[in-house]
Every structure is written in C-alpha cells, then in structure tokens.
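**Student:** One structure follows; several queries about it will come next.
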Amino acid sequence: MRENVLLIGGGGREHAIARALEDSEADLYACAGNKNPGIARIATGFETLETTDPTAVVEYAEEVDATIAVIGPEAPLEAGVADELEAAGVYPFGPKESDARIETDKAFQRRFMRENDVPGCPDFETFDDMEAACDFIDEYDGDLAIKPAGLTGGKGVKVIGDQVTAEEGKKYIRESDYDRIVLEERLIGEEFTIQAFVANGEFRTAPAVQDHKRAYEGDEGPNTGGMGSYSDATNELPFMTESDYDEAVEIIEATVDALEDYRGILYGQFMLTETGPRVVEFNARFGDPEAMNTLPVLETDFLEILTAARDGNAPPALEFAEQATVCKYAVPDGYPTDPESGAKVQVDEESAGDALLYYASVDERDDGIYTTTSRSFALVGVADSIDEAEEIAEDALAVAGEEGLRVRHDIGTADLIQRRIDHMAELRGE
C-alpha cells in the first residue's frame, strides 16, 4: 500500500529527506514556515504554517490523510508536535517532547548521561545563578565550554581558550539573558558526528561525518548552523580508526538503552580526543548539513525504515554506497552576524552538473530564487574519494558564482583533512 508521508520542516535537511523519499511508494506532503522550492517540486502538497504549532500541524496531517510524519527540525520536537501527531493517530518518526530533551535541554542531557552511566560525558556543572557560574570559571582548573541550556541553533556556545578568554566568557554570561547554562570541560581533538536510526529499542548507524561550524575558512570566525561537511567511503573519517567509530557507536548504544521509548534519529556529536571519543552533545534529529552527506549514499529505502518503525519492528539493516561526500553551503554575505538578503541564486538542479543541489532558506519569486538572511543552499558532491567529491561540489559552486554569497571553499580539501590527521597524530603522540 502507498503511504502518505508528511514532512515537517523546510530547510536543506528536509530537502534531503524529501529526495530520499522521492522514488518510494509514498505520496509526500510537506509543511514549513518557509516554502522550500526543492521540496515543493517533489511533494504532492505543500502548506506554509508554523511548525511549532502542534494543532496546525495535526490539522494538515489529517487533511492529507498522513500515515507517517517525519519531523526534521528540533523546534517542533520541543513543542510536542510528535506527541500530538501520535495522539491523532499519525505515526511520528521523531521523539516525543520528553525524549527530545536529550537535545533541547543541555542540562538535562548531561544529568541524563551521568545518571545512566553513559560513557564519554565530560566534567560539567549546571547553573541558574550567573554569578555562581562566573565564580566557577575562576575556580576551575582548566578551560571550559559555556553552553546555554536551551536551543540556540548551534550558535550559543563559547569556548574559553579557543573563542574567548575567561574574562570574555564571564562578560558573555553576565550580558546574556539565559536562564540556565552548562559549564563543562573543554574537549580538545577533532569533532565528528554519527547519526543513528532508532526504533523499538534498536538502532542502525550511518557513516561518520565532520561538520564545520566556524563561519570562515581555516576554522575562523563565529559559530554558524554549519557551513558544510564531508564523509568518506568508509564508516570512519581519515583521522579516525575503526575502533574510534566503534567506541562512539557503543556510546550511542548506551544512550538508546537508557531512552527506552526513543524513536527517530539520534545524532551523536563527538570529540575524538587523545583518549577516545567524548560527547559534545546529542541531537534528536538529522544534522543539517550532515543529512545531505548521509541520505544521498543511503541505498536502503528510507520509506522501509519508516514503516518498520511504525509497525513495531527494528530498523532494517542499512546499506550505504561506498562513496565519499562533500557538502558546501552557500550563505548570504555577512552571515551569520549581519546577513544581507536578496541575491539571485544562479545555480539550479540542471546547471549543478554532477552535484546535488539542496535548497535551504530561499525566497522563490516570479523571476527566480533569491537569498534570505539564513543559509541559502548546499551543493553536494558524491564520488569514490573525498577529493573527487570536493571537486564536484566546487564545479557547481563556480556556476553559482559569488555575488551576494559566501562559501567555505576549504571544506573537504586535501590540506584541511591533512591538518585533521596531523592534529590527531600529535595529540596521540604518534
């Protein structure tokens, strides 16, 4: 039987999900606060609505007779959209509000790890008294990461000894309007993520991906939602060993075991340190951009994963093509601090050549597609090696041009990856 699948969200991650369902035995419907032209061309129907309003989402799900819903962003999860869909008889592939706290409340996340003996947890303390937090910085023997407890779109973290000094960190805390923050030991190493498909107490993992949060080349500038990412033709990345990957998967396993009713995607962001993987954070959904590395090489029918979860079964064994991917985001000039909108997007799916084009936050007008103030679109190369995939992405970016846009061209390059390899070798004394 054909399924009516409702996709919630309108970014690049959701465009990747839509593409993954395009050739399935499903009629796809979508809803988002912004109309993504890439998703709209795939979907049978597209409704513009506030995705953090559970009533509005449920009404649209009932209108289109949705049998399964896939929730892309974190904000609808925090708003309890999965709970309300389930109550209305629509299976949500995404965690309930209480389980989504593994992402939406970083204080809960750390306490959860400590209470359930999940390995890889850094030293931490939580604070609702900002002066007490500043005192802790003065007293702590080492550098700390400052994390708002709630959602900040990947842009609220400040790391002492990397992005700010201790005095600047205290100033940031005092001038913020955060109710609660987490202070945790600064982890030194190389970051990577592993996304797990979770249902009915079981999980299956995807290849590791490395995201690049900093705005500018050379890992300089403020944090962003993610400027791009790459994966290799193997499960692990070039600076990792198989045992590093396996150890991170063991951390995911311990987390899934402790979250008994969790379903959806569990995204583990890890720091590979000299002693192995430690947990930077968990997310309760696909990464953006990491979904655009993972889903293009997923050979298992994504719909089969969704229906297995809905029918009470474990996720099927996942098959991934043995290919590398490189994803590079084009963002508006000035992003993320002072973005300028209104540049015309010059690349489309035809002119992108061998690259995959994923729209994120864009404005479709009668005479074309234009940038907004958020990340605009991503171009993804898929090939047998990272070098080849990077070249494919760059060729498409040349078509896109640079008028009104900025890209981190160093993502996926041989020089950048060699620096990652050398960094880990130095930390491990090799």
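In the structure tokens, the first chain shown is A, the next is B, and so on; residue numbers restart at 1 for each chain, and ligands run from 1 in the order shown.
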Where does DSSP see helix (DSSP H, G or I) in stretch 149-297 of chain A, if you list the residues as JSON, numbers by chain?

**Tutor:** {"A": [166, 167, 168, 169, 170, 171, 172, 173, 174, 175, 242, 243, 244, 245, 246, 247, 248, 249, 250, 251, 252, 253, 254, 255, 256, 257, 258, 291, 292, 293, 294, 295, 296, 297]}

**Student:** Write out, as a tab-separated table (two decimals), in the first residue's frame, the residues just selected, with N, CA, C and O atoms.

**Tutor:**
chain	number	residue	atom	x	y	z
A	166	ALA	N	38.78	33.83	29.55
A	166	ALA	CA	37.92	33.61	30.72
A	166	ALA	C	37.13	34.88	31.05
A	166	ALA	O	35.93	34.81	31.36
A	167	GLU	N	37.79	36.05	30.97
A	167	GLU	CA	37.09	37.31	31.26
A	167	GLU	C	35.99	37.58	30.24
A	167	GLU	O	34.90	38.04	30.59
A	168	GLU	N	36.29	37.31	28.97
A	168	GLU	CA	35.26	37.48	27.93
A	168	GLU	C	34.11	36.50	28.13
A	168	GLU	O	32.95	36.83	27.87
A	169	GLY	N	34.42	35.29	28.58
A	169	GLY	CA	33.38	34.30	28.86
A	169	GLY	C	32.45	34.76	29.96
A	169	GLY	O	31.22	34.63	29.86
A	170	LYS	N	33.03	35.33	31.02
A	170	LYS	CA	32.20	35.83	32.12
A	170	LYS	C	31.35	37.01	31.67
A	170	LYS	O	30.18	37.13	32.06
A	171	LYS	N	31.92	37.87	30.84
A	171	LYS	CA	31.16	39.00	30.30
A	171	LYS	C	29.99	38.50	29.47
A	171	LYS	O	28.86	39.04	29.55
A	172	TYR	N	30.23	37.47	28.65
A	172	TYR	CA	29.18	36.87	27.83
A	172	TYR	C	28.04	36.34	28.70
A	172	TYR	O	26.86	36.56	28.42
A	173	ILE	N	28.39	35.67	29.80
A	173	ILE	CA	27.38	35.12	30.70
A	173	ILE	C	26.57	36.24	31.34
A	173	ILE	O	25.34	36.19	31.38
A	174	ARG	N	27.27	37.25	31.82
A	174	ARG	CA	26.58	38.34	32.54
A	174	ARG	C	25.66	39.14	31.61
A	174	ARG	O	24.62	39.65	32.03
A	175	GLU	N	26.07	39.29	30.34
A	175	GLU	CA	25.28	40.11	29.42
A	175	GLU	C	24.20	39.32	28.70
A	175	GLU	O	23.37	39.92	28.01
A	242	GLU	N	38.93	2.47	12.95
A	242	GLU	CA	37.67	1.71	13.09
A	242	GLU	C	37.26	1.61	14.54
A	242	GLU	O	36.07	1.67	14.86
A	243	SER	N	38.23	1.46	15.43
A	243	SER	CA	37.88	1.33	16.85
A	243	SER	C	37.33	2.64	17.41
A	243	SER	O	36.48	2.62	18.31
A	244	ASP	N	37.77	3.80	16.87
A	244	ASP	CA	37.19	5.08	17.29
A	244	ASP	C	35.70	5.10	16.94
A	244	ASP	O	34.87	5.52	17.75
A	245	TYR	N	35.39	4.68	15.71
A	245	TYR	CA	33.98	4.64	15.27
A	245	TYR	C	33.19	3.69	16.16
A	245	TYR	O	32.10	4.04	16.64
A	246	ASP	N	33.73	2.51	16.40
A	246	ASP	CA	33.02	1.50	17.19
A	246	ASP	C	32.78	2.00	18.62
A	246	ASP	O	31.72	1.74	19.20
A	247	GLU	N	33.76	2.71	19.17
A	247	GLU	CA	33.60	3.22	20.54
A	247	GLU	C	32.49	4.26	20.61
A	247	GLU	O	31.71	4.30	21.57
A	248	ALA	N	32.39	5.10	19.57
A	248	ALA	CA	31.30	6.09	19.53
A	248	ALA	C	29.95	5.40	19.41
A	248	ALA	O	28.97	5.82	20.03
A	249	VAL	N	29.89	4.32	18.62
A	249	VAL	CA	28.64	3.58	18.47
A	249	VAL	C	28.24	2.96	19.81
A	249	VAL	O	27.05	2.89	20.14
A	250	GLU	N	29.21	2.53	20.61
A	250	GLU	CA	28.90	1.98	21.93
A	250	GLU	C	28.27	3.04	22.84
A	250	GLU	O	27.39	2.74	23.64
A	251	ILE	N	28.70	4.30	22.68
A	251	ILE	CA	28.09	5.39	23.45
A	251	ILE	C	26.64	5.59	23.00
A	251	ILE	O	25.74	5.78	23.83
A	252	ILE	N	26.42	5.53	21.69
A	252	ILE	CA	25.04	5.63	21.18
A	252	ILE	C	24.20	4.48	21.71
A	252	ILE	O	23.04	4.68	22.12
A	253	GLU	N	24.75	3.29	21.74
A	253	GLU	CA	24.01	2.12	22.23
A	253	GLU	C	23.58	2.32	23.69
A	253	GLU	O	22.43	2.04	24.05
A	254	ALA	N	24.51	2.81	24.52
A	254	ALA	CA	24.17	3.05	25.93
A	254	ALA	C	23.07	4.10	26.06
A	254	ALA	O	22.20	4.00	26.93
A	255	THR	N	23.10	5.08	25.18
A	255	THR	CA	22.08	6.14	25.22
A	255	THR	C	20.72	5.61	24.80
A	255	THR	O	19.70	5.90	25.43
A	256	VAL	N	20.69	4.82	23.72
A	256	VAL	CA	19.43	4.23	23.26
A	256	VAL	C	18.85	3.30	24.32
A	256	VAL	O	17.64	3.29	24.57
A	257	ASP	N	19.72	2.54	24.97
A	257	ASP	CA	19.25	1.63	26.02
A	257	ASP	C	18.60	2.39	27.17
A	257	ASP	O	17.62	1.92	27.77
A	258	ALA	N	19.12	3.58	27.47
A	258	ALA	CA	18.58	4.37	28.57
A	258	ALA	C	17.32	5.14	28.16
A	258	ALA	O	16.49	5.47	29.00
A	291	ALA	N	22.72	15.48	7.13
A	291	ALA	CA	21.72	14.68	6.39
A	291	ALA	C	22.05	14.66	4.91
A	291	ALA	O	21.77	13.67	4.21
A	292	MET	N	22.67	15.73	4.42
A	292	MET	CA	22.98	15.83	2.99
A	292	MET	C	24.23	15.04	2.61
A	292	MET	O	24.52	14.86	1.44
A	293	ASN	N	24.96	14.55	3.63
A	293	ASN	CA	26.03	13.58	3.38
A	293	ASN	C	25.52	12.15	3.46
A	293	ASN	O	25.94	11.29	2.69
A	294	THR	N	24.61	11.94	4.40
A	294	THR	CA	24.17	10.58	4.72
A	294	THR	C	23.11	10.05	3.76
A	294	THR	O	23.23	8.92	3.25
A	295	LEU	N	22.07	10.83	3.51
A	295	LEU	CA	20.94	10.33	2.74
A	295	LEU	C	21.26	10.07	1.26
A	295	LEU	O	20.73	9.12	0.68
A	296	PRO	N	22.14	10.85	0.61
A	296	PRO	CA	22.44	10.55	-0.79
A	296	PRO	C	23.15	9.21	-1.01
A	296	PRO	O	23.09	8.66	-2.11
A	297	VAL	N	23.82	8.69	0.03
A	297	VAL	CA	24.51	7.39	-0.13
A	297	VAL	C	23.75	6.25	0.56
A	297	VAL	O	24.22	5.11	0.56

**Student:** Set the distance at 8 Å and use only C-alpha atoms: which residues neighbour stretch 384-401 of chain A once local chain neighbours fewer than 2 positions away are removed? I'd like the list as number ranges by chain.

**Tutor:** A: 230-233, 322-328, 345-347, 351-355, 379-382, 403, 405, 409, 411-414

**Student:** Those residues with N, CA and C atoms, as a short mmCIF file (atom, residue, chain, number, x, y, z; two decimals), in the first residue's frame please?

**Tutor:**
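Listing of selection30.cif after writing:
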data_model
loop_
_atom_site.label_atom_id
_atom_site.label_comp_id
_atom_site.auth_asym_id
_atom_site.auth_seq_id
_atom_site.Cartn_x
_atom_site.Cartn_y
_atom_site.Cartn_z
N TYR A 230 31.78 16.71 5.36
CA TYR A 230 32.23 15.67 4.44
C TYR A 230 32.18 14.31 5.13
N SER A 231 32.07 13.27 4.33
CA SER A 231 32.17 11.89 4.81
C SER A 231 33.06 11.13 3.85
N ASP A 232 33.55 9.98 4.31
CA ASP A 232 34.45 9.17 3.49
C ASP A 232 33.69 7.97 2.93
N ALA A 233 34.38 7.17 2.13
CA ALA A 233 33.75 5.99 1.54
C ALA A 233 33.67 4.83 2.53
N GLU A 322 29.55 2.79 -0.99
CA GLU A 322 30.92 3.04 -0.53
C GLU A 322 31.48 4.23 -1.30
N GLN A 323 30.90 5.40 -1.01
CA GLN A 323 31.31 6.62 -1.66
C GLN A 323 31.47 7.74 -0.64
N ALA A 324 32.33 8.69 -0.97
CA ALA A 324 32.56 9.86 -0.14
C ALA A 324 31.62 10.99 -0.57
N THR A 325 31.39 11.91 0.33
CA THR A 325 30.53 13.07 0.03
C THR A 325 31.19 14.34 0.57
N VAL A 326 30.99 15.44 -0.13
CA VAL A 326 31.40 16.76 0.36
C VAL A 326 30.25 17.72 0.13
N CYS A 327 29.82 18.37 1.21
CA CYS A 327 28.71 19.32 1.18
C CYS A 327 29.25 20.71 1.53
N LYS A 328 28.93 21.70 0.68
CA LYS A 328 29.34 23.07 0.96
C LYS A 328 28.12 23.98 0.87
N VAL A 345 19.90 33.54 -6.89
CA VAL A 345 20.59 32.25 -6.94
C VAL A 345 20.75 31.87 -8.41
N GLN A 346 22.01 31.69 -8.84
CA GLN A 346 22.29 31.48 -10.25
C GLN A 346 22.39 30.02 -10.65
N VAL A 347 22.38 29.12 -9.67
CA VAL A 347 22.52 27.69 -9.98
C VAL A 347 21.18 26.99 -9.77
N SER A 351 21.97 23.01 -13.94
CA SER A 351 23.30 23.59 -14.10
C SER A 351 24.28 23.15 -13.02
N ALA A 352 23.79 22.49 -11.97
CA ALA A 352 24.68 21.98 -10.92
C ALA A 352 25.54 20.82 -11.40
N GLY A 353 25.26 20.30 -12.56
CA GLY A 353 26.07 19.22 -13.12
C GLY A 353 25.93 17.94 -12.31
N ASP A 354 27.08 17.38 -11.89
CA ASP A 354 27.07 16.13 -11.14
C ASP A 354 26.77 16.34 -9.66
N ALA A 355 26.73 17.59 -9.23
CA ALA A 355 26.47 17.87 -7.82
C ALA A 355 24.97 17.82 -7.53
N LEU A 379 25.51 22.52 -1.99
CA LEU A 379 25.89 21.70 -3.13
C LEU A 379 26.73 20.54 -2.63
N VAL A 380 26.37 19.34 -3.06
CA VAL A 380 26.98 18.12 -2.54
C VAL A 380 27.58 17.32 -3.68
N GLY A 381 28.84 16.98 -3.53
CA GLY A 381 29.50 16.07 -4.45
C GLY A 381 29.53 14.67 -3.87
N VAL A 382 29.25 13.68 -4.69
CA VAL A 382 29.30 12.27 -4.27
C VAL A 382 30.23 11.56 -5.24
N GLU A 403 28.36 36.38 -6.20
CA GLU A 403 27.69 37.66 -5.98
C GLU A 403 26.66 37.53 -4.87
N LEU A 405 27.07 36.07 -2.09
CA LEU A 405 27.19 34.78 -1.42
C LEU A 405 28.60 34.58 -0.85
N HIS A 409 35.34 27.40 0.99
CA HIS A 409 35.89 26.55 -0.06
C HIS A 409 36.87 25.51 0.48
N ILE A 411 36.42 23.34 2.84
CA ILE A 411 35.80 22.11 3.36
C ILE A 411 36.03 20.95 2.38
N GLY A 412 36.56 19.86 2.90
CA GLY A 412 36.79 18.67 2.08
C GLY A 412 38.08 18.69 1.29
N THR A 413 38.87 19.75 1.41
CA THR A 413 40.12 19.81 0.66
C THR A 413 41.19 18.94 1.31
N ALA A 414 42.17 18.53 0.50
CA ALA A 414 43.24 17.67 1.00
C ALA A 414 44.02 18.34 2.12
#

**Student:** When DSSP is applied to the backbone of this structure, which of stretch 67-199 of chain A are assigned strand (DSSP E)? Write them out as a PyMOL selection string.

**Tutor:** chain A and resi 68-71+91-93+124-127+144-148+158-159+181-185+190-199

**Student:** Can you list, as a PyMOL selection string, every protein, DNA or RNA residue that comes within 8 Å of stretch 10-23 of chain A when you count only C-alpha atoms, leaving out same-chain residues fewer than 2 positions away?

**Tutor:** chain A and resi 7-8+25-26+28+31-36+38-39+42-43+72+286-292+295-296+301-303+358-361+377-378

**Student:** So that I can check the surroundings of A:Ala61, please list as a list in words every protein, DNA and RNA residue that reaches within 8 Å of it, counting only C-alpha atoms and ignoring chain neighbours fewer than 4 positions away.

**Tutor:**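 Close residues of A:Ala61: Leu6, Val57, Asp65, Ala66, Leu85 and Val90 of chain A.
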
**Student:** Write the residues you've just listed into a file as a PDB file, in the first residue's frame, and include C-alpha atoms for each of them.

**Tutor:**
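Contents of selection_21.pdb, freshly written:
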ATOM      1  CA  LEU A   6       4.110  14.270   5.959  1.00  0.00           C
ATOM      2  CA  VAL A  57       0.473  20.523  12.016  1.00  0.00           C
ATOM      3  CA  ASP A  65      -4.585  11.598   5.488  1.00  0.00           C
ATOM      4  CA  ALA A  66      -0.967  11.254   6.586  1.00  0.00           C
ATOM      5  CA  LEU A  85       0.561  13.624  15.951  1.00  0.00           C
ATOM      6  CA  VAL A  90      -0.339   9.646  12.807  1.00  0.00           C
TER       7      VAL A  90
END

**Student:** Select, from A:Glu74, A:Gly161, A:Thr373, A:Arg263, the residue with the minimum atom-to-atom distance to A:Asp338, counting only C-alpha atoms.

**Tutor:**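 Closest to A:Asp338, using only C-alpha atoms: A:Thr373.
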
**Student:** Calculated over only C-alpha atoms, which of the candidates A:Thr193, A:Gln418, A:Ser341, A:Thr165 has the smallest distance to A:Ile137?

**Tutor:** A:Thr165

**Student:** For A:Phe282, please output as a PDB file with N, CA, C and O atoms, in the first residue's frame all residues within 8 Å (counting only C-alpha atoms; exclusion window: fewer than 5 positions along the same chain).

**Tutor:**
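Saved to result-v2.pdb:
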ATOM      1  N   ILE A 102      16.882  15.325  25.229  1.00  0.00           N
ATOM      2  CA  ILE A 102      18.284  14.943  25.053  1.00  0.00           C
ATOM      3  C   ILE A 102      19.021  15.990  24.220  1.00  0.00           C
ATOM      4  O   ILE A 102      20.228  16.156  24.327  1.00  0.00           O
ATOM      5  N   GLU A 103      18.267  16.734  23.395  1.00  0.00           N
ATOM      6  CA  GLU A 103      18.837  17.869  22.662  1.00  0.00           C
ATOM      7  C   GLU A 103      18.401  19.209  23.209  1.00  0.00           C
ATOM      8  O   GLU A 103      19.223  20.126  23.341  1.00  0.00           O
ATOM      9  N   GLN A 109      20.500  16.824  29.423  1.00  0.00           N
ATOM     10  CA  GLN A 109      21.344  15.899  28.663  1.00  0.00           C
ATOM     11  C   GLN A 109      22.522  15.414  29.492  1.00  0.00           C
ATOM     12  O   GLN A 109      22.805  14.208  29.554  1.00  0.00           O
ATOM     13  N   LEU A 266      18.853   9.764  16.299  1.00  0.00           N
ATOM     14  CA  LEU A 266      19.676  10.214  17.418  1.00  0.00           C
ATOM     15  C   LEU A 266      21.057  10.531  16.850  1.00  0.00           C
ATOM     16  O   LEU A 266      21.732   9.666  16.306  1.00  0.00           O
ATOM     17  N   TYR A 267      21.427  11.781  16.968  1.00  0.00           N
ATOM     18  CA  TYR A 267      22.662  12.298  16.371  1.00  0.00           C
ATOM     19  C   TYR A 267      23.658  12.516  17.498  1.00  0.00           C
ATOM     20  O   TYR A 267      23.419  13.312  18.397  1.00  0.00           O
ATOM     21  N   GLY A 268      24.744  11.794  17.452  1.00  0.00           N
ATOM     22  CA  GLY A 268      25.793  11.979  18.441  1.00  0.00           C
ATOM     23  C   GLY A 268      26.904  12.831  17.872  1.00  0.00           C
ATOM     24  O   GLY A 268      27.475  12.489  16.836  1.00  0.00           O
ATOM     25  N   GLN A 269      27.168  13.960  18.525  1.00  0.00           N
ATOM     26  CA  GLN A 269      28.321  14.778  18.138  1.00  0.00           C
ATOM     27  C   GLN A 269      29.438  14.478  19.121  1.00  0.00           C
ATOM     28  O   GLN A 269      29.276  14.645  20.329  1.00  0.00           O
TER      29      GLN A 269
END

**Student:** Which one is closest to A:Arg375: A:Arg428, A:Thr224, A:Leu357, A:Thr307? Count only C-alpha atoms.

**Tutor:** A:Thr224

**Student:** At what distance in Å, to one decimal, does atom CA of A:Phe93 lie from atom CA of A:Ala309?

**Tutor:**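 Computed distance, atom CA of A:Ala309 to atom CA of A:Phe93, equals 7.7 Å.
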
**Student:** Give me the residues within 8 Å of A:Leu272 as a PyMOL selection string, counting only C-alpha atoms and dropping any in the same chain fewer than 5 places off.

**Tutor:** chain A and resi 188-192+244+277-278
